[in-house]
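Peer 1: Before I ask anything, let me first share the structure, which is written out below as structure tokens.
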Amino acid sequence: SLAQAQIEEAMGKMFASAYSFEEEAKREVSSLIPQTEIDALLKDLDIKNVWTTTRADASFGILFHTNKQCATFEAGPKCEQLKQAYFQLLKSYDEFDYLQLKDLRYRVESKESFETAHKGDWRYYFN
């Protein structure tokens, strides 16, 4: 019937709106964290040789100066410790409790790889 079709269409729009809100809320969380808290996290975990960190949507990247520093970090326990600690920091800003660990995209790279693989361009890095 026409009424049933209209109800189904309205329900579909409500679901799409709720889904869009959830996705937007997930993307926004990372931008809420002050850089000072990221810096404190790195200091607390005694992570050295960091060139820079990146945040976008539900992703976090840490870039070391060299490929060797990157490989050493990835092979050690601090790599997973940072991932877990950053996720806990994210959750403290997740007002609607949408984020799950599986949502976090975690990247470990080096300035060398950034300059080579991404041509030193943040647009390539984030795509």
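Letters for chains follow the order of the structure tokens (A, B, ...), residue numbers begin at 1 for each chain, and ligand numbers begin at 1 in the order shown.
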Based on the backbone DSSP call, show me all residues of chain A assigned strand (DSSP E or B), as a ChimeraX atom specification.

Peer 2: /A:50-56,59-64,105-110

Peer 1: Take the residues just selected and output them with N, CA and C atoms as a compact mmCIF listing (two decimals), in the first residue's frame.

Peer 2:
# COMPACT_ATOMS: atom_id res chain seq x y z
N VAL A 50 60.58 10.93 17.17
CA VAL A 50 59.35 11.17 16.42
C VAL A 50 59.53 12.44 15.59
N TRP A 51 59.29 12.31 14.30
CA TRP A 51 59.31 13.48 13.43
C TRP A 51 58.00 14.26 13.57
N THR A 52 56.88 13.55 13.45
CA THR A 52 55.57 14.18 13.62
C THR A 52 54.50 13.11 13.84
N THR A 53 53.33 13.56 14.21
CA THR A 53 52.18 12.66 14.31
C THR A 53 51.08 13.24 13.43
N THR A 54 50.18 12.37 13.01
CA THR A 54 49.06 12.81 12.19
C THR A 54 47.77 12.26 12.77
N ARG A 55 46.72 13.03 12.57
CA ARG A 55 45.39 12.59 12.98
C ARG A 55 44.40 13.03 11.94
N ALA A 56 43.54 12.14 11.56
CA ALA A 56 42.45 12.47 10.65
C ALA A 56 41.38 11.40 10.82
N SER A 59 41.91 7.97 12.57
CA SER A 59 43.24 7.43 12.27
C SER A 59 44.29 8.20 13.04
N PHE A 60 45.37 7.51 13.32
CA PHE A 60 46.50 8.11 14.02
C PHE A 60 47.77 7.60 13.36
N GLY A 61 48.64 8.51 13.03
CA GLY A 61 49.91 8.13 12.43
C GLY A 61 51.05 8.69 13.24
N ILE A 62 52.11 7.92 13.32
CA ILE A 62 53.34 8.38 13.96
C ILE A 62 54.45 8.19 12.94
N LEU A 63 55.20 9.23 12.71
CA LEU A 63 56.27 9.18 11.73
C LEU A 63 57.60 9.46 12.42
N PHE A 64 58.54 8.56 12.22
CA PHE A 64 59.89 8.72 12.74
C PHE A 64 60.76 9.35 11.67
N ARG A 105 42.49 3.39 12.64
CA ARG A 105 43.52 3.12 11.63
C ARG A 105 44.82 3.69 12.20
N TYR A 106 45.78 2.85 12.38
CA TYR A 106 47.03 3.20 13.05
C TYR A 106 48.17 3.00 12.07
N ARG A 107 48.93 4.07 11.81
CA ARG A 107 50.01 4.02 10.83
C ARG A 107 51.33 4.35 11.50
N VAL A 108 52.35 3.56 11.17
CA VAL A 108 53.70 3.83 11.62
C VAL A 108 54.55 3.95 10.37
N GLU A 109 55.13 5.12 10.18
CA GLU A 109 55.94 5.37 8.99
C GLU A 109 57.14 6.22 9.37
N SER A 110 57.90 6.58 8.35
CA SER A 110 59.06 7.44 8.57
C SER A 110 59.00 8.65 7.64

Peer 1: Can you list, as a PDB file with N, CA and C atoms, in the first residue's frame, all residues belonging to chain A that DSSP tags as alpha helix (DSSP H)?

Peer 2:
ATOM      1  N   LEU A   2       0.288   2.357  -0.350  1.00  0.00           N
ATOM      2  CA  LEU A   2       1.012   3.620  -0.420  1.00  0.00           C
ATOM      3  C   LEU A   2       1.514   4.027   0.962  1.00  0.00           C
ATOM      4  N   ALA A   3       0.677   3.865   1.991  1.00  0.00           N
ATOM      5  CA  ALA A   3       1.065   4.241   3.351  1.00  0.00           C
ATOM      6  C   ALA A   3       2.254   3.405   3.820  1.00  0.00           C
ATOM      7  N   GLN A   4       2.217   2.093   3.540  1.00  0.00           N
ATOM      8  CA  GLN A   4       3.327   1.211   3.927  1.00  0.00           C
ATOM      9  C   GLN A   4       4.620   1.627   3.226  1.00  0.00           C
ATOM     10  N   ALA A   5       4.522   1.972   1.956  1.00  0.00           N
ATOM     11  CA  ALA A   5       5.694   2.402   1.197  1.00  0.00           C
ATOM     12  C   ALA A   5       6.258   3.701   1.777  1.00  0.00           C
ATOM     13  N   GLN A   6       5.400   4.621   2.165  1.00  0.00           N
ATOM     14  CA  GLN A   6       5.846   5.887   2.746  1.00  0.00           C
ATOM     15  C   GLN A   6       6.521   5.655   4.100  1.00  0.00           C
ATOM     16  N   ILE A   7       5.968   4.754   4.877  1.00  0.00           N
ATOM     17  CA  ILE A   7       6.571   4.426   6.181  1.00  0.00           C
ATOM     18  C   ILE A   7       7.960   3.811   5.971  1.00  0.00           C
ATOM     19  N   GLU A   8       8.067   2.882   5.039  1.00  0.00           N
ATOM     20  CA  GLU A   8       9.357   2.251   4.769  1.00  0.00           C
ATOM     21  C   GLU A   8      10.378   3.267   4.272  1.00  0.00           C
ATOM     22  N   GLU A   9       9.945   4.193   3.432  1.00  0.00           N
ATOM     23  CA  GLU A   9      10.850   5.233   2.928  1.00  0.00           C
ATOM     24  C   GLU A   9      11.320   6.122   4.081  1.00  0.00           C
ATOM     25  N   ALA A  10      10.410   6.508   4.966  1.00  0.00           N
ATOM     26  CA  ALA A  10      10.766   7.359   6.108  1.00  0.00           C
ATOM     27  C   ALA A  10      11.724   6.629   7.048  1.00  0.00           C
ATOM     28  N   MET A  11      11.476   5.346   7.277  1.00  0.00           N
ATOM     29  CA  MET A  11      12.368   4.555   8.138  1.00  0.00           C
ATOM     30  C   MET A  11      13.759   4.472   7.523  1.00  0.00           C
ATOM     31  N   GLY A  12      13.824   4.285   6.234  1.00  0.00           N
ATOM     32  CA  GLY A  12      15.114   4.233   5.546  1.00  0.00           C
ATOM     33  C   GLY A  12      15.871   5.537   5.686  1.00  0.00           C
ATOM     34  N   LYS A  13      15.188   6.652   5.562  1.00  0.00           N
ATOM     35  CA  LYS A  13      15.819   7.964   5.719  1.00  0.00           C
ATOM     36  C   LYS A  13      16.298   8.173   7.145  1.00  0.00           C
ATOM     37  N   MET A  14      15.506   7.726   8.127  1.00  0.00           N
ATOM     38  CA  MET A  14      15.929   7.861   9.524  1.00  0.00           C
ATOM     39  C   MET A  14      17.173   7.034   9.790  1.00  0.00           C
ATOM     40  N   PHE A  15      17.221   5.805   9.256  1.00  0.00           N
ATOM     41  CA  PHE A  15      18.392   4.952   9.430  1.00  0.00           C
ATOM     42  C   PHE A  15      19.613   5.591   8.786  1.00  0.00           C
ATOM     43  N   ALA A  16      19.446   6.125   7.583  1.00  0.00           N
ATOM     44  CA  ALA A  16      20.560   6.772   6.880  1.00  0.00           C
ATOM     45  C   ALA A  16      21.059   7.975   7.666  1.00  0.00           C
ATOM     46  N   SER A  17      20.146   8.743   8.253  1.00  0.00           N
ATOM     47  CA  SER A  17      20.540   9.911   9.042  1.00  0.00           C
ATOM     48  C   SER A  17      21.296   9.494  10.297  1.00  0.00           C
ATOM     49  N   ALA A  18      20.816   8.462  10.976  1.00  0.00           N
ATOM     50  CA  ALA A  18      21.492   7.984  12.183  1.00  0.00           C
ATOM     51  C   ALA A  18      22.877   7.447  11.828  1.00  0.00           C
ATOM     52  N   TYR A  19      22.981   6.710  10.727  1.00  0.00           N
ATOM     53  CA  TYR A  19      24.262   6.173  10.293  1.00  0.00           C
ATOM     54  C   TYR A  19      25.220   7.314   9.958  1.00  0.00           C
ATOM     55  N   SER A  20      24.726   8.340   9.246  1.00  0.00           N
ATOM     56  CA  SER A  20      25.555   9.483   8.879  1.00  0.00           C
ATOM     57  C   SER A  20      26.043  10.202  10.128  1.00  0.00           C
ATOM     58  N   PHE A  21      25.178  10.367  11.121  1.00  0.00           N
ATOM     59  CA  PHE A  21      25.567  11.020  12.366  1.00  0.00           C
ATOM     60  C   PHE A  21      26.662  10.229  13.058  1.00  0.00           C
ATOM     61  N   GLU A  22      26.508   8.910  13.117  1.00  0.00           N
ATOM     62  CA  GLU A  22      27.514   8.063  13.771  1.00  0.00           C
ATOM     63  C   GLU A  22      28.853   8.181  13.062  1.00  0.00           C
ATOM     64  N   GLU A  23      28.857   8.119  11.746  1.00  0.00           N
ATOM     65  CA  GLU A  23      30.108   8.221  10.985  1.00  0.00           C
ATOM     66  C   GLU A  23      30.766   9.584  11.193  1.00  0.00           C
ATOM     67  N   GLU A  24      29.977  10.625  11.184  1.00  0.00           N
ATOM     68  CA  GLU A  24      30.519  11.973  11.398  1.00  0.00           C
ATOM     69  C   GLU A  24      31.077  12.110  12.811  1.00  0.00           C
ATOM     70  N   ALA A  25      30.375  11.569  13.795  1.00  0.00           N
ATOM     71  CA  ALA A  25      30.850  11.625  15.179  1.00  0.00           C
ATOM     72  C   ALA A  25      32.180  10.887  15.318  1.00  0.00           C
ATOM     73  N   LYS A  26      32.327   9.739  14.651  1.00  0.00           N
ATOM     74  CA  LYS A  26      33.583   8.993  14.690  1.00  0.00           C
ATOM     75  C   LYS A  26      34.718   9.806  14.074  1.00  0.00           C
ATOM     76  N   ARG A  27      34.423  10.478  12.959  1.00  0.00           N
ATOM     77  CA  ARG A  27      35.460  11.268  12.281  1.00  0.00           C
ATOM     78  C   ARG A  27      35.899  12.460  13.125  1.00  0.00           C
ATOM     79  N   GLU A  28      34.985  13.026  13.881  1.00  0.00           N
ATOM     80  CA  GLU A  28      35.266  14.244  14.627  1.00  0.00           C
ATOM     81  C   GLU A  28      36.105  14.009  15.884  1.00  0.00           C
ATOM     82  N   VAL A  29      36.022  12.848  16.481  1.00  0.00           N
ATOM     83  CA  VAL A  29      36.639  12.592  17.778  1.00  0.00           C
ATOM     84  C   VAL A  29      38.133  12.931  17.785  1.00  0.00           C
ATOM     85  N   SER A  30      38.844  12.497  16.775  1.00  0.00           N
ATOM     86  CA  SER A  30      40.289  12.713  16.735  1.00  0.00           C
ATOM     87  C   SER A  30      40.650  14.192  16.773  1.00  0.00           C
ATOM     88  N   SER A  31      39.848  15.022  16.138  1.00  0.00           N
ATOM     89  CA  SER A  31      40.142  16.453  16.088  1.00  0.00           C
ATOM     90  C   SER A  31      39.929  17.140  17.434  1.00  0.00           C
ATOM     91  N   LEU A  32      39.247  16.484  18.347  1.00  0.00           N
ATOM     92  CA  LEU A  32      38.974  17.074  19.656  1.00  0.00           C
ATOM     93  C   LEU A  32      40.156  16.970  20.614  1.00  0.00           C
ATOM     94  N   GLN A  35      46.838  18.691  20.877  1.00  0.00           N
ATOM     95  CA  GLN A  35      48.164  18.163  20.563  1.00  0.00           C
ATOM     96  C   GLN A  35      48.994  17.962  21.832  1.00  0.00           C
ATOM     97  N   THR A  36      48.758  18.782  22.839  1.00  0.00           N
ATOM     98  CA  THR A  36      49.509  18.637  24.092  1.00  0.00           C
ATOM     99  C   THR A  36      49.266  17.266  24.729  1.00  0.00           C
ATOM    100  N   GLU A  37      48.058  16.716  24.550  1.00  0.00           N
ATOM    101  CA  GLU A  37      47.770  15.387  25.101  1.00  0.00           C
ATOM    102  C   GLU A  37      48.486  14.295  24.307  1.00  0.00           C
ATOM    103  N   ILE A  38      48.621  14.488  23.009  1.00  0.00           N
ATOM    104  CA  ILE A  38      49.378  13.539  22.176  1.00  0.00           C
ATOM    105  C   ILE A  38      50.843  13.577  22.595  1.00  0.00           C
ATOM    106  N   ASP A  39      51.373  14.790  22.756  1.00  0.00           N
ATOM    107  CA  ASP A  39      52.769  14.949  23.165  1.00  0.00           C
ATOM    108  C   ASP A  39      53.016  14.296  24.528  1.00  0.00           C
ATOM    109  N   ALA A  40      52.082  14.480  25.448  1.00  0.00           N
ATOM    110  CA  ALA A  40      52.212  13.880  26.781  1.00  0.00           C
ATOM    111  C   ALA A  40      52.174  12.357  26.701  1.00  0.00           C
ATOM    112  N   LEU A  41      51.332  11.836  25.831  1.00  0.00           N
ATOM    113  CA  LEU A  41      51.239  10.386  25.643  1.00  0.00           C
ATOM    114  C   LEU A  41      52.580   9.822  25.157  1.00  0.00           C
ATOM    115  N   LEU A  42      53.174  10.474  24.182  1.00  0.00           N
ATOM    116  CA  LEU A  42      54.477  10.040  23.658  1.00  0.00           C
ATOM    117  C   LEU A  42      55.554  10.122  24.746  1.00  0.00           C
ATOM    118  N   LYS A  43      55.504  11.184  25.533  1.00  0.00           N
ATOM    119  CA  LYS A  43      56.484  11.350  26.609  1.00  0.00           C
ATOM    120  C   LYS A  43      56.290  10.276  27.683  1.00  0.00           C
ATOM    121  N   ASP A  44      55.034  10.034  28.075  1.00  0.00           N
ATOM    122  CA  ASP A  44      54.744   9.021  29.100  1.00  0.00           C
ATOM    123  C   ASP A  44      55.219   7.635  28.681  1.00  0.00           C
ATOM    124  N   ASN A  67      63.721   5.199   8.351  1.00  0.00           N
ATOM    125  CA  ASN A  67      63.095   3.878   8.207  1.00  0.00           C
ATOM    126  C   ASN A  67      63.571   2.941   9.308  1.00  0.00           C
ATOM    127  N   LYS A  68      64.852   3.059   9.685  1.00  0.00           N
ATOM    128  CA  LYS A  68      65.405   2.191  10.733  1.00  0.00           C
ATOM    129  C   LYS A  68      64.697   2.448  12.072  1.00  0.00           C
ATOM    130  N   GLN A  69      64.492   3.713  12.426  1.00  0.00           N
ATOM    131  CA  GLN A  69      63.784   4.041  13.666  1.00  0.00           C
ATOM    132  C   GLN A  69      62.354   3.501  13.632  1.00  0.00           C
ATOM    133  N   CYS A  70      61.739   3.607  12.482  1.00  0.00           N
ATOM    134  CA  CYS A  70      60.376   3.106  12.293  1.00  0.00           C
ATOM    135  C   CYS A  70      60.331   1.598  12.504  1.00  0.00           C
ATOM    136  N   ALA A  71      61.250   0.878  11.878  1.00  0.00           N
ATOM    137  CA  ALA A  71      61.290  -0.583  11.995  1.00  0.00           C
ATOM    138  C   ALA A  71      61.568  -1.024  13.427  1.00  0.00           C
ATOM    139  N   THR A  72      62.452  -0.321  14.089  1.00  0.00           N
ATOM    140  CA  THR A  72      62.772  -0.655  15.490  1.00  0.00           C
ATOM    141  C   THR A  72      61.534  -0.467  16.365  1.00  0.00           C
ATOM    142  N   PHE A  73      60.819   0.622  16.153  1.00  0.00           N
ATOM    143  CA  PHE A  73      59.606   0.885  16.926  1.00  0.00           C
ATOM    144  C   PHE A  73      58.551  -0.183  16.673  1.00  0.00           C
ATOM    145  N   GLU A  74      58.351  -0.522  15.409  1.00  0.00           N
ATOM    146  CA  GLU A  74      57.330  -1.523  15.058  1.00  0.00           C
ATOM    147  C   GLU A  74      57.639  -2.893  15.644  1.00  0.00           C
ATOM    148  N   ALA A  75      58.917  -3.199  15.788  1.00  0.00           N
ATOM    149  CA  ALA A  75      59.320  -4.511  16.307  1.00  0.00           C
ATOM    150  C   ALA A  75      59.235  -4.588  17.826  1.00  0.00           C
ATOM    151  N   LYS A  78      56.401  -1.014  22.377  1.00  0.00           N
ATOM    152  CA  LYS A  78      55.796   0.315  22.466  1.00  0.00           C
ATOM    153  C   LYS A  78      54.838   0.598  21.311  1.00  0.00           C
ATOM    154  N   CYS A  79      55.010  -0.100  20.211  1.00  0.00           N
ATOM    155  CA  CYS A  79      54.114   0.097  19.064  1.00  0.00           C
ATOM    156  C   CYS A  79      52.672  -0.238  19.459  1.00  0.00           C
ATOM    157  N   GLU A  80      52.482  -1.402  20.026  1.00  0.00           N
ATOM    158  CA  GLU A  80      51.138  -1.809  20.457  1.00  0.00           C
ATOM    159  C   GLU A  80      50.684  -0.995  21.671  1.00  0.00           C
ATOM    160  N   GLN A  81      51.611  -0.669  22.568  1.00  0.00           N
ATOM    161  CA  GLN A  81      51.259   0.147  23.732  1.00  0.00           C
ATOM    162  C   GLN A  81      50.721   1.510  23.308  1.00  0.00           C
ATOM    163  N   LEU A  82      51.359   2.121  22.300  1.00  0.00           N
ATOM    164  CA  LEU A  82      50.896   3.415  21.820  1.00  0.00           C
ATOM    165  C   LEU A  82      49.512   3.292  21.179  1.00  0.00           C
ATOM    166  N   LYS A  83      49.318   2.242  20.397  1.00  0.00           N
ATOM    167  CA  LYS A  83      48.013   2.045  19.771  1.00  0.00           C
ATOM    168  C   LYS A  83      46.921   1.955  20.829  1.00  0.00           C
ATOM    169  N   GLN A  84      47.149   1.148  21.856  1.00  0.00           N
ATOM    170  CA  GLN A  84      46.158   0.981  22.922  1.00  0.00           C
ATOM    171  C   GLN A  84      45.952   2.277  23.705  1.00  0.00           C
ATOM    172  N   ALA A  85      47.043   2.977  24.013  1.00  0.00           N
ATOM    173  CA  ALA A  85      46.949   4.218  24.785  1.00  0.00           C
ATOM    174  C   ALA A  85      46.242   5.308  23.977  1.00  0.00           C
ATOM    175  N   TYR A  86      46.538   5.387  22.683  1.00  0.00           N
ATOM    176  CA  TYR A  86      45.876   6.382  21.850  1.00  0.00           C
ATOM    177  C   TYR A  86      44.376   6.068  21.754  1.00  0.00           C
ATOM    178  N   PHE A  87      44.046   4.796  21.638  1.00  0.00           N
ATOM    179  CA  PHE A  87      42.629   4.434  21.573  1.00  0.00           C
ATOM    180  C   PHE A  87      41.915   4.844  22.868  1.00  0.00           C
ATOM    181  N   GLN A  88      42.554   4.627  24.001  1.00  0.00           N
ATOM    182  CA  GLN A  88      41.937   5.022  25.274  1.00  0.00           C
ATOM    183  C   GLN A  88      41.751   6.542  25.331  1.00  0.00           C
ATOM    184  N   LEU A  89      42.729   7.278  24.800  1.00  0.00           N
ATOM    185  CA  LEU A  89      42.605   8.733  24.734  1.00  0.00           C
ATOM    186  C   LEU A  89      41.442   9.123  23.821  1.00  0.00           C
ATOM    187  N   LEU A  90      41.347   8.473  22.673  1.00  0.00           N
ATOM    188  CA  LEU A  90      40.214   8.716  21.761  1.00  0.00           C
ATOM    189  C   LEU A  90      38.882   8.478  22.469  1.00  0.00           C
ATOM    190  N   LYS A  91      38.801   7.363  23.182  1.00  0.00           N
ATOM    191  CA  LYS A  91      37.552   7.005  23.858  1.00  0.00           C
ATOM    192  C   LYS A  91      37.150   8.056  24.889  1.00  0.00           C
ATOM    193  N   SER A  92      38.132   8.710  25.494  1.00  0.00           N
ATOM    194  CA  SER A  92      37.800   9.732  26.490  1.00  0.00           C
ATOM    195  C   SER A  92      37.120  10.949  25.850  1.00  0.00           C
ATOM    196  N   LYS A 111      59.778   9.652   7.999  1.00  0.00           N
ATOM    197  CA  LYS A 111      59.892  10.824   7.134  1.00  0.00           C
ATOM    198  C   LYS A 111      60.474  10.402   5.790  1.00  0.00           C
ATOM    199  N   GLU A 112      61.399   9.437   5.817  1.00  0.00           N
ATOM    200  CA  GLU A 112      61.985   8.935   4.573  1.00  0.00           C
ATOM    201  C   GLU A 112      60.904   8.349   3.658  1.00  0.00           C
ATOM    202  N   SER A 113      60.030   7.516   4.208  1.00  0.00           N
ATOM    203  CA  SER A 113      58.976   6.918   3.380  1.00  0.00           C
ATOM    204  C   SER A 113      57.954   7.974   2.956  1.00  0.00           C
ATOM    205  N   PHE A 114      57.694   8.936   3.818  1.00  0.00           N
ATOM    206  CA  PHE A 114      56.787  10.031   3.468  1.00  0.00           C
ATOM    207  C   PHE A 114      57.319  10.783   2.253  1.00  0.00           C
ATOM    208  N   GLU A 115      58.601  11.053   2.259  1.00  0.00           N
ATOM    209  CA  GLU A 115      59.201  11.801   1.147  1.00  0.00           C
ATOM    210  C   GLU A 115      59.285  10.967  -0.130  1.00  0.00           C
ATOM    211  N   THR A 116      59.425   9.662   0.017  1.00  0.00           N
ATOM    212  CA  THR A 116      59.541   8.792  -1.151  1.00  0.00           C
ATOM    213  C   THR A 116      58.164   8.329  -1.647  1.00  0.00           C
ATOM    214  N   ALA A 117      57.461   7.593  -0.816  1.00  0.00           N
ATOM    215  CA  ALA A 117      56.178   6.997  -1.221  1.00  0.00           C
ATOM    216  C   ALA A 117      55.071   8.033  -1.420  1.00  0.00           C
ATOM    217  N   TRP A 122      51.297  15.826   1.858  1.00  0.00           N
ATOM    218  CA  TRP A 122      50.289  15.290   2.776  1.00  0.00           C
ATOM    219  C   TRP A 122      49.032  14.829   2.054  1.00  0.00           C
ATOM    220  N   ARG A 123      48.727  15.406   0.913  1.00  0.00           N
ATOM    221  CA  ARG A 123      47.542  14.966   0.155  1.00  0.00           C
ATOM    222  C   ARG A 123      47.685  13.505  -0.267  1.00  0.00           C
ATOM    223  N   TYR A 124      48.898  13.105  -0.665  1.00  0.00           N
ATOM    224  CA  TYR A 124      49.127  11.702  -1.043  1.00  0.00           C
ATOM    225  C   TYR A 124      49.118  10.802   0.187  1.00  0.00           C
ATOM    226  N   TYR A 125      49.643  11.305   1.276  1.00  0.00           N
ATOM    227  CA  TYR A 125      49.698  10.525   2.522  1.00  0.00           C
ATOM    228  C   TYR A 125      48.297  10.164   2.999  1.00  0.00           C
TER     229      TYR A 125
END

Peer 1: For atom CA of A:Asn49 and atom CA of A:Asp94, quote the distance in Å rounded to one decimal.

Peer 2: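 Spanning atom CA of A:Asn49 to atom CA of A:Asp94 is a straight-line distance of 29.2 Å.
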